[in-house]
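Peer 1: One structure, pasted below without further comment.
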Amino acid sequence: MNDEINYTNNPLHGLGLQELLTQLVDHYGFEILYAYLNINCFKTNPSIESSVKFLKKTEWAREKVEAFYLYKFKNLPRVSSEQFELPPRKRIIPEGQTPRGPAELSFEDAERVREKQALKAAEHGKTKRYDNGKPSRYS
């Protein structure tokens, strides 16, 4: 039995972080990346070099960008909950699934996504609620 896992169908296989980021920036630009991902390296004096440097040091941000690449830029269908627990580079993409054209993104859609995320975070008690400008309690 072959214990070797085949990652060759994963669009991230063999793709360096700089090339991945270059493709994303060329297609979407830093403004859309910041709007969707909320990572400051895309907002404050953004450049490919500085973003790559930050993403190499920051695992959570790199995984967020890689997931964005897979599911927005390559427009792959969402994975199972079992695969979702794995980092994007370790996910196995089924044979029949091939990348499609990049998703059309807008600032309005990014704002809707952020609002949904904020509501979910508030429901799970991950953010403070503010009443009259003062922190009240965790929800």
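Every chain in the structure tokens takes a letter, A first, then B, and so on in the order presented; its residues are numbered from 1, and the ligands are numbered from 1 following the presented order.
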Do a neighbour search on region 32-39 of chain A at 7 Å with only C-alpha atoms, toss out local chain neighbours closer than 3 positions, and write the hits as a ChimeraX atom specification.
Peer 2: /A:28-29,42-43,107,110
Peer 1: Kindly provide the residues of region 36-116 of chain A that approach region 16-19 of chain A to within 9 Å, each paired with its closest atom pair and their distance in Å to one decimal, based on only C-alpha atoms, listed by chain and increasing number, as a Markdown table.
Peer 2:
```
| residue | atom | partner | partner_atom | distance |
| --- | --- | --- | --- | --- |
| A:Ile48 | CA | A:Gln18 | CA | 7.0 |
| A:Glu49 | CA | A:Gln18 | CA | 7.7 |
| A:Ser51 | CA | A:Gln18 | CA | 8.7 |
| A:Val52 | CA | A:Gln18 | CA | 6.1 |
| A:Leu55 | CA | A:Leu17 | CA | 8.2 |
| A:Lys56 | CA | A:Leu17 | CA | 8.0 |
| A:Arg62 | CA | A:Leu17 | CA | 8.5 |
| A:Glu66 | CA | A:Leu17 | CA | 8.6 |
```
Peer 1: Go ahead and save the picked residues with N, CA, C and O atoms, as a PDB file, in the first residue's frame.
Peer 2:
```
ATOM      1  N   ILE A  48       5.024  43.547  -2.659  1.00  0.00           N
ATOM      2  CA  ILE A  48       5.137  42.083  -2.709  1.00  0.00           C
ATOM      3  C   ILE A  48       6.203  41.627  -1.717  1.00  0.00           C
ATOM      4  O   ILE A  48       5.974  40.714  -0.926  1.00  0.00           O
ATOM      5  N   GLU A  49       7.362  42.290  -1.732  1.00  0.00           N
ATOM      6  CA  GLU A  49       8.481  41.869  -0.895  1.00  0.00           C
ATOM      7  C   GLU A  49       8.141  41.929   0.597  1.00  0.00           C
ATOM      8  O   GLU A  49       8.396  40.983   1.342  1.00  0.00           O
ATOM      9  N   SER A  51       5.179  42.018   1.982  1.00  0.00           N
ATOM     10  CA  SER A  51       4.086  41.096   2.295  1.00  0.00           C
ATOM     11  C   SER A  51       4.595  39.664   2.397  1.00  0.00           C
ATOM     12  O   SER A  51       4.203  38.926   3.300  1.00  0.00           O
ATOM     13  N   VAL A  52       5.484  39.260   1.477  1.00  0.00           N
ATOM     14  CA  VAL A  52       6.063  37.916   1.524  1.00  0.00           C
ATOM     15  C   VAL A  52       6.850  37.736   2.817  1.00  0.00           C
ATOM     16  O   VAL A  52       6.724  36.703   3.491  1.00  0.00           O
ATOM     17  N   LEU A  55       4.305  37.317   5.621  1.00  0.00           N
ATOM     18  CA  LEU A  55       3.563  36.053   5.524  1.00  0.00           C
ATOM     19  C   LEU A  55       4.444  34.841   5.834  1.00  0.00           C
ATOM     20  O   LEU A  55       3.959  33.850   6.374  1.00  0.00           O
ATOM     21  N   LYS A  56       5.725  34.915   5.513  1.00  0.00           N
ATOM     22  CA  LYS A  56       6.622  33.807   5.841  1.00  0.00           C
ATOM     23  C   LYS A  56       6.793  33.649   7.341  1.00  0.00           C
ATOM     24  O   LYS A  56       6.983  32.553   7.836  1.00  0.00           O
ATOM     25  N   ARG A  62      -0.469  33.569   6.499  1.00  0.00           N
ATOM     26  CA  ARG A  62      -0.123  32.823   5.283  1.00  0.00           C
ATOM     27  C   ARG A  62      -1.237  31.840   4.927  1.00  0.00           C
ATOM     28  O   ARG A  62      -1.649  31.743   3.769  1.00  0.00           O
ATOM     29  N   GLU A  66      -3.441  31.725   1.559  1.00  0.00           N
ATOM     30  CA  GLU A  66      -3.484  30.511   0.738  1.00  0.00           C
ATOM     31  C   GLU A  66      -4.913  30.016   0.548  1.00  0.00           C
ATOM     32  O   GLU A  66      -5.288  29.572  -0.537  1.00  0.00           O
TER      33      GLU A  66
END
```
Peer 1: Considering only C-alpha atoms, can you say which of A:Asn45, A:Pro88, A:Pro77, A:Glu59 comes closest to His13 (chain A)?
Peer 2: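 Going through A:Asn45, A:Pro88, A:Pro77, A:Glu59 one by one, the smallest distance to His13 (chain A) is for A:Pro88.
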Peer 1: Can you tell me, as a list in words, what residues are no more than 9 Å from Val79 (chain A) when counting only C-alpha atoms, ignoring any on the same chain fewer than 4 positions away?
Peer 2: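 The residues satisfying every condition are Gln83, Phe84, Arg91, Ile92 and Ile93 of chain A.
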Peer 1: From the set A:Lys120, A:Ala103, A:His27, A:Ala61, which residue has the shortest atom-to-atom contact distance to Asn40 (chain A), counting only C-alpha atoms?
Peer 2: A:Ala61
Peer 1: Please compute the CA of Asp26 (chain A)-CA of Pro46 (chain A) distance, one decimal, in Å.
Peer 2: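 That distance, rounded to one decimal, is 13.1 Å.
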Peer 1: Run DSSP on the backbone and grab whatever in chain A lands in helix (DSSP H, G or I); send it over as a PyMOL selection string.
Peer 2: chain A and resi 17-27+30-37+40-42+48-57+59-73+81-84+88-90+107-123
Peer 1: Just the number, please: distance in Å from CA of Glu95 (chain A) to CA of Leu76 (chain A), one decimal.
Peer 2: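 Those two atoms sit 12.2 Å apart.
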